[in-house]
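> So here's my_file.cif (mmCIF, C-alpha atoms; chains and numbers go by the auth columns).
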data_my_file
loop_
_atom_site.group_PDB
_atom_site.id
_atom_site.type_symbol
_atom_site.label_atom_id
_atom_site.label_comp_id
_atom_site.label_asym_id
_atom_site.label_seq_id
_atom_site.Cartn_x
_atom_site.Cartn_y
_atom_site.Cartn_z
_atom_site.B_iso_or_equiv
_atom_site.auth_seq_id
_atom_site.auth_asym_id
ATOM 1 C CA MET A 1 81.091 -256.173 -10.535 0.00 1 A
ATOM 2 C CA LYS A 2 81.790 -258.465 -13.470 0.00 2 A
ATOM 3 C CA VAL A 3 82.996 -257.190 -16.844 0.00 3 A
ATOM 4 C CA GLY A 4 79.686 -258.273 -18.367 0.00 4 A
ATOM 5 C CA ASP A 5 77.878 -255.938 -15.988 0.00 5 A
ATOM 6 C CA ASP A 6 80.062 -253.055 -17.203 0.00 6 A
ATOM 7 C CA ASN A 7 79.141 -253.982 -20.772 0.00 7 A
ATOM 8 C CA ARG A 8 75.480 -253.690 -19.946 0.00 8 A
ATOM 9 C CA MET A 9 76.205 -250.286 -18.484 0.00 9 A
ATOM 10 C CA ILE A 10 77.627 -249.082 -21.809 0.00 10 A
ATOM 11 C CA SER A 11 74.758 -250.550 -23.791 0.00 11 A
ATOM 12 C CA ASP A 12 72.317 -248.977 -21.332 0.00 12 A
ATOM 13 C CA ILE A 13 73.602 -245.483 -22.053 0.00 13 A
ATOM 14 C CA LEU A 14 74.666 -245.901 -25.683 0.00 14 A
ATOM 15 C CA LYS A 15 71.768 -246.223 -28.077 0.00 15 A
ATOM 16 C CA LYS A 16 72.443 -247.520 -31.586 0.00 16 A
ATOM 17 C CA GLU A 17 70.725 -244.429 -33.025 0.00 17 A
ATOM 18 C CA ASN A 18 73.490 -242.278 -31.480 0.00 18 A
ATOM 19 C CA VAL A 19 76.317 -243.971 -33.394 0.00 19 A
ATOM 20 C CA GLN A 20 77.418 -242.612 -36.755 0.00 20 A
ATOM 21 C CA ILE A 21 80.238 -242.684 -39.273 0.00 21 A
ATOM 22 C CA LEU A 22 80.994 -239.555 -41.297 0.00 22 A
ATOM 23 C CA ASP A 23 83.544 -238.839 -44.016 0.00 23 A
ATOM 24 C CA GLY A 24 84.866 -235.803 -42.182 0.00 24 A
ATOM 25 C CA VAL A 25 84.202 -232.312 -40.868 0.00 25 A
ATOM 26 C CA SER A 26 85.599 -228.898 -41.737 0.00 26 A
ATOM 27 C CA SER A 27 86.622 -227.877 -38.198 0.00 27 A
ATOM 28 C CA TRP A 28 86.801 -228.983 -34.595 0.00 28 A
ATOM 29 C CA GLN A 29 83.725 -226.847 -33.871 0.00 29 A
ATOM 30 C CA GLU A 30 81.760 -228.770 -36.491 0.00 30 A
ATOM 31 C CA ALA A 31 83.049 -231.990 -34.915 0.00 31 A
ATOM 32 C CA ILE A 32 81.466 -230.912 -31.609 0.00 32 A
ATOM 33 C CA TYR A 33 78.154 -230.099 -33.269 0.00 33 A
ATOM 34 C CA VAL A 34 77.914 -233.306 -35.328 0.00 34 A
ATOM 35 C CA SER A 35 78.976 -235.494 -32.413 0.00 35 A
ATOM 36 C CA THR A 36 76.249 -234.039 -30.170 0.00 36 A
ATOM 37 C CA LYS A 37 73.577 -233.569 -32.855 0.00 37 A
ATOM 38 C CA ASN A 38 71.628 -236.752 -32.046 0.00 38 A
ATOM 39 C CA LEU A 39 71.816 -236.004 -28.323 0.00 39 A
ATOM 40 C CA VAL A 40 70.221 -232.602 -28.958 0.00 40 A
ATOM 41 C CA GLU A 41 67.617 -233.936 -31.402 0.00 41 A
ATOM 42 C CA LYS A 42 66.588 -236.834 -29.127 0.00 42 A
ATOM 43 C CA GLY A 43 66.297 -234.605 -26.055 0.00 43 A
ATOM 44 C CA TYR A 44 69.261 -235.888 -24.041 0.00 44 A
ATOM 45 C CA VAL A 45 70.858 -232.426 -23.977 0.00 45 A
ATOM 46 C CA THR A 46 69.770 -228.887 -24.768 0.00 46 A
ATOM 47 C CA LYS A 47 71.000 -226.857 -27.745 0.00 47 A
ATOM 48 C CA ASN A 48 73.247 -225.040 -25.257 0.00 48 A
ATOM 49 C CA TYR A 49 75.320 -228.182 -24.550 0.00 49 A
ATOM 50 C CA PRO A 50 77.496 -228.198 -27.721 0.00 50 A
ATOM 51 C CA LYS A 51 77.826 -224.410 -27.497 0.00 51 A
ATOM 52 C CA LYS A 52 79.122 -224.772 -23.942 0.00 52 A
ATOM 53 C CA ILE A 53 81.651 -227.440 -25.003 0.00 53 A
ATOM 54 C CA ILE A 54 82.954 -225.048 -27.670 0.00 54 A
ATOM 55 C CA GLU A 55 83.063 -222.181 -25.175 0.00 55 A
ATOM 56 C CA LEU A 56 84.986 -224.312 -22.660 0.00 56 A
ATOM 57 C CA THR A 57 87.376 -225.421 -25.408 0.00 57 A
ATOM 58 C CA GLN A 58 88.093 -221.821 -26.331 0.00 58 A
ATOM 59 C CA LYS A 59 88.744 -221.030 -22.674 0.00 59 A
ATOM 60 C CA TYR A 60 90.663 -224.148 -21.525 0.00 60 A
ATOM 61 C CA GLY A 61 91.766 -225.898 -24.716 0.00 61 A
ATOM 62 C CA ALA A 62 90.681 -229.295 -25.991 0.00 62 A
ATOM 63 C CA TYR A 63 90.848 -230.920 -22.541 0.00 63 A
ATOM 64 C CA TYR A 64 88.854 -233.893 -23.826 0.00 64 A
ATOM 65 C CA VAL A 65 91.371 -235.115 -26.452 0.00 65 A
ATOM 66 C CA LEU A 66 92.601 -238.259 -24.741 0.00 66 A
ATOM 67 C CA GLY A 67 95.390 -239.028 -27.187 0.00 67 A
ATOM 68 C CA PRO A 68 95.808 -240.096 -30.792 0.00 68 A
ATOM 69 C CA ASP A 69 92.434 -240.675 -32.492 0.00 69 A
ATOM 70 C CA VAL A 70 90.162 -240.172 -29.447 0.00 70 A
ATOM 71 C CA ALA A 71 88.177 -237.344 -27.886 0.00 71 A
ATOM 72 C CA LEU A 72 85.628 -237.589 -25.086 0.00 72 A
ATOM 73 C CA VAL A 73 83.687 -234.365 -25.548 0.00 73 A
ATOM 74 C CA HIS A 74 81.607 -233.200 -22.614 0.00 74 A
ATOM 75 C CA ALA A 75 80.616 -230.316 -20.417 0.00 75 A
ATOM 76 C CA ARG A 76 79.125 -230.163 -16.926 0.00 76 A
ATOM 77 C CA PRO A 77 75.656 -231.557 -16.178 0.00 77 A
ATOM 78 C CA GLU A 78 74.303 -228.049 -15.520 0.00 78 A
ATOM 79 C CA ASP A 79 75.437 -226.972 -19.006 0.00 79 A
ATOM 80 C CA GLY A 80 72.423 -228.630 -20.615 0.00 80 A
ATOM 81 C CA VAL A 81 72.234 -232.338 -19.786 0.00 81 A
ATOM 82 C CA ILE A 82 68.672 -233.641 -19.555 0.00 82 A
ATOM 83 C CA HIS A 83 69.294 -237.420 -19.562 0.00 83 A
ATOM 84 C CA LYS A 84 72.462 -239.518 -19.322 0.00 84 A
ATOM 85 C CA GLN A 85 73.595 -240.740 -22.752 0.00 85 A
ATOM 86 C CA LEU A 86 76.600 -241.393 -24.989 0.00 86 A
ATOM 87 C CA ALA A 87 76.999 -240.743 -28.698 0.00 87 A
ATOM 88 C CA ILE A 88 79.822 -242.014 -30.883 0.00 88 A
ATOM 89 C CA THR A 89 80.998 -240.424 -34.100 0.00 89 A
ATOM 90 C CA LEU A 90 83.717 -241.964 -36.234 0.00 90 A
ATOM 91 C CA LEU A 91 85.338 -239.689 -38.791 0.00 91 A
ATOM 92 C CA ARG A 92 86.994 -241.293 -41.818 0.00 92 A
ATOM 93 C CA LYS A 93 89.163 -238.185 -42.204 0.00 93 A
ATOM 94 C CA PRO A 94 90.574 -237.097 -38.819 0.00 94 A
ATOM 95 C CA VAL A 95 90.066 -233.621 -37.391 0.00 95 A
ATOM 96 C CA LYS A 96 92.650 -231.537 -35.547 0.00 96 A
ATOM 97 C CA PHE A 97 91.602 -229.751 -32.382 0.00 97 A
ATOM 98 C CA GLU A 98 93.199 -226.405 -31.709 0.00 98 A
ATOM 99 C CA GLY A 99 96.297 -226.683 -29.527 0.00 99 A
ATOM 100 C CA LYS A 100 96.578 -230.481 -29.867 0.00 100 A
ATOM 101 C CA GLU A 101 99.127 -232.375 -31.920 0.00 101 A
ATOM 102 C CA ASP A 102 97.061 -235.542 -32.127 0.00 102 A
ATOM 103 C CA THR A 103 94.276 -235.761 -34.667 0.00 103 A
ATOM 104 C CA VAL A 104 90.946 -237.335 -33.737 0.00 104 A
ATOM 105 C CA ARG A 105 88.797 -239.870 -35.565 0.00 105 A
ATOM 106 C CA LEU A 106 86.672 -241.266 -32.734 0.00 106 A
ATOM 107 C CA ILE A 107 84.555 -238.731 -30.871 0.00 107 A
ATOM 108 C CA ILE A 108 82.629 -239.930 -27.851 0.00 108 A
ATOM 109 C CA ALA A 109 80.094 -237.375 -26.662 0.00 109 A
ATOM 110 C CA LEU A 110 79.148 -237.804 -23.012 0.00 110 A
ATOM 111 C CA ALA A 111 76.062 -236.349 -21.406 0.00 111 A
ATOM 112 C CA ALA A 112 76.326 -236.984 -17.659 0.00 112 A
ATOM 113 C CA GLU A 113 73.463 -236.091 -15.309 0.00 113 A
ATOM 114 C CA ASP A 114 75.745 -235.776 -12.294 0.00 114 A
ATOM 115 C CA SER A 115 79.377 -236.245 -11.284 0.00 115 A
ATOM 116 C CA GLN A 116 79.059 -239.902 -10.232 0.00 116 A
ATOM 117 C CA SER A 117 76.543 -242.037 -12.145 0.00 117 A
ATOM 118 C CA HIS A 118 78.635 -242.370 -15.318 0.00 118 A
ATOM 119 C CA LEU A 119 81.936 -243.368 -13.672 0.00 119 A
ATOM 120 C CA LYS A 120 81.538 -247.127 -14.304 0.00 120 A
ATOM 121 C CA VAL A 121 80.872 -246.421 -17.962 0.00 121 A
ATOM 122 C CA LEU A 122 83.947 -244.166 -18.147 0.00 122 A
ATOM 123 C CA LYS A 123 86.031 -246.931 -16.601 0.00 123 A
ATOM 124 C CA GLN A 124 84.821 -249.371 -19.254 0.00 124 A
ATOM 125 C CA ILE A 125 85.501 -246.839 -22.029 0.00 125 A
ATOM 126 C CA ALA A 126 89.017 -246.288 -20.659 0.00 126 A
ATOM 127 C CA GLU A 127 89.652 -250.044 -20.681 0.00 127 A
ATOM 128 C CA ILE A 128 88.491 -250.313 -24.292 0.00 128 A
ATOM 129 C CA LEU A 129 90.493 -247.313 -25.488 0.00 129 A
ATOM 130 C CA SER A 130 93.684 -248.328 -23.683 0.00 130 A
ATOM 131 C CA ASP A 131 93.817 -251.539 -25.747 0.00 131 A
ATOM 132 C CA SER A 132 95.299 -250.479 -29.085 0.00 132 A
ATOM 133 C CA ARG A 133 93.957 -253.565 -30.897 0.00 133 A
ATOM 134 C CA LYS A 134 90.408 -252.869 -29.731 0.00 134 A
ATOM 135 C CA LEU A 135 90.726 -249.181 -30.607 0.00 135 A
ATOM 136 C CA GLN A 136 92.021 -249.963 -34.108 0.00 136 A
ATOM 137 C CA SER A 137 89.208 -252.468 -34.623 0.00 137 A
ATOM 138 C CA ILE A 138 86.656 -249.836 -33.582 0.00 138 A
ATOM 139 C CA ILE A 139 88.204 -247.222 -35.867 0.00 139 A
ATOM 140 C CA LYS A 140 88.044 -249.658 -38.804 0.00 140 A
ATOM 141 C CA ALA A 141 84.300 -250.297 -38.391 0.00 141 A
ATOM 142 C CA ASP A 142 82.587 -250.328 -41.781 0.00 142 A
ATOM 143 C CA ASP A 143 79.157 -249.015 -40.780 0.00 143 A
ATOM 144 C CA ALA A 144 77.332 -247.563 -37.770 0.00 144 A
ATOM 145 C CA ASP A 145 75.812 -250.896 -36.671 0.00 145 A
ATOM 146 C CA ASN A 146 79.241 -252.524 -36.798 0.00 146 A
ATOM 147 C CA LEU A 147 80.745 -249.595 -34.879 0.00 147 A
ATOM 148 C CA TYR A 148 78.074 -249.918 -32.195 0.00 148 A
ATOM 149 C CA GLU A 149 78.586 -253.684 -31.862 0.00 149 A
ATOM 150 C CA LYS A 150 82.378 -253.371 -31.738 0.00 150 A
ATOM 151 C CA PHE A 151 82.194 -250.694 -29.063 0.00 151 A
ATOM 152 C CA VAL A 152 79.608 -252.401 -26.879 0.00 152 A
ATOM 153 C CA ASN A 153 81.245 -255.833 -27.201 0.00 153 A
ATOM 154 C CA ALA A 154 84.873 -254.676 -26.988 0.00 154 A
ATOM 155 C CA SER A 155 85.592 -256.236 -23.631 0.00 155 A
#
Please express what this file holds, its structure, as structure tokens.

Amino acid sequence: MKVGDDNRMISDILKKENVQILDGVSSWQEAIYVSTKNLVEKGYVTKNYPKKIIELTQKYGAYYVLGPDVALVHARPEDGVIHKQLAITLLRKPVKFEGKEDTVRLIIALAAEDSQSHLKVLKQIAEILSDSRKLQSIIKADDADNLYEKFVNAS
């Protein structure tokens, strides 16, 4: 598979309407809700999905904080996923997740229908996020359209 094919995979499961930039949030719980809000409203996940992510966080910790600036929030498909989709929220003011030293500005919400179909997309996301120049460029996006374009075209 060529890199371009991976790009199409991201753009296939990341709709521009699910990308947003916010000034900040008051808590990590609010970060979960705002990052999944469009997924709930557009019918990709049920209202239970963000609640389950919060419940899992309280039980296991913020397992989805990947490092400085980045969280990949998700729960299991049976926790409320209806259709596969990504949502991206960029916070101008970072949020701290309980039990983590790193603060987070980029929240990627993943709704996966099963344990396999999203793996190519996750690989592409990992490649983007492991390149500090690409990550910094994404974090400096000036509006949601620019954020979408930078993320989809990062490779």
> Which of these, A:Pro94, A:Gly43, A:Pro68, A:Gly80, has the shortest distance to Leu135 (chain A) once you count only C-alpha atoms?
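Looking only at the distances to Leu135 (chain A), the closest residue turns out to be A:Pro68.
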> Quick one: which residues end up in the PyMOL selection byres ((chain A and resi 107-122) around 6) for this structure, as a ChimeraX atom specification?
/A:10,70-74,77,81,84-89,106,123-125
> Any chance you could export the current selection's C-alpha atoms as a CSV table (one decimal), in the frame of the given file?

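And here is the file that came out, result_16.csv:
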chain,number,residue,atom,x,y,z
A,10,ILE,CA,77.6,-249.1,-21.8
A,70,VAL,CA,90.2,-240.2,-29.4
A,71,ALA,CA,88.2,-237.3,-27.9
A,72,LEU,CA,85.6,-237.6,-25.1
A,73,VAL,CA,83.7,-234.4,-25.5
A,74,HIS,CA,81.6,-233.2,-22.6
A,77,PRO,CA,75.7,-231.6,-16.2
A,81,VAL,CA,72.2,-232.3,-19.8
A,84,LYS,CA,72.5,-239.5,-19.3
A,85,GLN,CA,73.6,-240.7,-22.8
A,86,LEU,CA,76.6,-241.4,-25.0
A,87,ALA,CA,77.0,-240.7,-28.7
A,88,ILE,CA,79.8,-242.0,-30.9
A,89,THR,CA,81.0,-240.4,-34.1
A,106,LEU,CA,86.7,-241.3,-32.7
A,123,LYS,CA,86.0,-246.9,-16.6
A,124,GLN,CA,84.8,-249.4,-19.3
A,125,ILE,CA,85.5,-246.8,-22.0
> Padding 8 Å on every side, please: axis-aligned box over the listed atoms of region 100-119 of chain A, centre and edge lengths to one decimal in Å, as lines of an AutoDock Vina configuration file.

center_x = 86.3
center_y = -236.9
center_z = -22.9
size_x = 41.7
size_y = 28.9
size_z = 41.3
> If you count only C-alpha atoms, which residues fall within 9 Å of Tyr148 (chain A), apart from same-chain ones fewer than 6 positions away, as a list in words?
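Listing them by chain and then by number gives Leu14, Lys15, Lys16, Asn18, Val19, Gln20, Ile88, Ile138 and Ala141 of chain A.
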> Evaluating the PyMOL selection byres ((chain A and resi 144) around 6) on the displayed file yields which residues, as a PDB file with C-alpha atoms, in the coordinates of the input?

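Below is the file that was written, result.pdb:
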ATOM      1  CA  VAL A  19      76.317-243.971 -33.394  1.00  0.00           C
ATOM      2  CA  GLN A  20      77.418-242.612 -36.755  1.00  0.00           C
ATOM      3  CA  ILE A  21      80.238-242.684 -39.273  1.00  0.00           C
ATOM      4  CA  ASP A 143      79.157-249.015 -40.780  1.00  0.00           C
ATOM      5  CA  ASP A 145      75.812-250.896 -36.671  1.00  0.00           C
ATOM      6  CA  ASN A 146      79.241-252.524 -36.798  1.00  0.00           C
ATOM      7  CA  LEU A 147      80.745-249.595 -34.879  1.00  0.00           C
TER       8      LEU A 147
END
> Pick from A:Ile139, A:Ile32, A:Leu66, A:Leu129: nearest to Arg92 (chain A), with all atoms listed in the file counted?
A:Ile139
> Choose the residue, out of A:Ala31, A:Lys100, A:Lys42, A:Met9, that has the smallest atom-to-atom separation from Tyr63 (chain A); count all atoms listed in the file.
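Checking each candidate against Tyr63 (chain A), we get A:Lys100 as the closest.
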> Between A:Gly61, A:Pro50, A:Gly67, A:Gly24, single out the one closest to Ser132 (chain A), counting all atoms listed in the file.
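Among the listed residues, A:Gly67 lies closest to Ser132 (chain A).
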> Could you tell me which residues the PyMOL selection byres ((chain A and resi 48) around 12) returns for this structure, as a JSON list (two decimals) with C-alpha atoms, keeping the file's coordinate frame?

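Generated output (result.json):
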[["chain", "number", "residue", "atom", "x", "y", "z"],
["A", 32, "ILE", "CA", 81.47, -230.91, -31.61],
["A", 33, "TYR", "CA", 78.15, -230.10, -33.27],
["A", 36, "THR", "CA", 76.25, -234.04, -30.17],
["A", 37, "LYS", "CA", 73.58, -233.57, -32.85],
["A", 39, "LEU", "CA", 71.82, -236.00, -28.32],
["A", 40, "VAL", "CA", 70.22, -232.60, -28.96],
["A", 43, "GLY", "CA", 66.30, -234.60, -26.06],
["A", 44, "TYR", "CA", 69.26, -235.89, -24.04],
["A", 45, "VAL", "CA", 70.86, -232.43, -23.98],
["A", 46, "THR", "CA", 69.77, -228.89, -24.77],
["A", 47, "LYS", "CA", 71.00, -226.86, -27.74],
["A", 49, "TYR", "CA", 75.32, -228.18, -24.55],
["A", 50, "PRO", "CA", 77.50, -228.20, -27.72],
["A", 51, "LYS", "CA", 77.83, -224.41, -27.50],
["A", 52, "LYS", "CA", 79.12, -224.77, -23.94],
["A", 53, "ILE", "CA", 81.65, -227.44, -25.00],
["A", 54, "ILE", "CA", 82.95, -225.05, -27.67],
["A", 55, "GLU", "CA", 83.06, -222.18, -25.18],
["A", 74, "HIS", "CA", 81.61, -233.20, -22.61],
["A", 75, "ALA", "CA", 80.62, -230.32, -20.42],
["A", 76, "ARG", "CA", 79.12, -230.16, -16.93],
["A", 77, "PRO", "CA", 75.66, -231.56, -16.18],
["A", 78, "GLU", "CA", 74.30, -228.05, -15.52],
["A", 79, "ASP", "CA", 75.44, -226.97, -19.01],
["A", 80, "GLY", "CA", 72.42, -228.63, -20.62],
["A", 81, "VAL", "CA", 72.23, -232.34, -19.79],
["A", 82, "ILE", "CA", 68.67, -233.64, -19.56]]
> Here is a test: counting all atoms listed in the file, which residue of A:Glu17, A:Asp69, A:Asp23, A:Asp131 is nearest to Leu91 (chain A)?
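Closest to Leu91 (chain A), using all atoms listed in the file: A:Asp23.
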> So the first atom is CA of Ala62 (chain A) and the second is CA of Trp28 (chain A); what is the distance between them in Å, to one decimal place?
9.4 Å
> Please report the interatomic distance between CA of Asp12 (chain A) and CA of Glu149 (chain A) in Å with one decimal.
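Between these atoms lies a distance of 13.1 Å.
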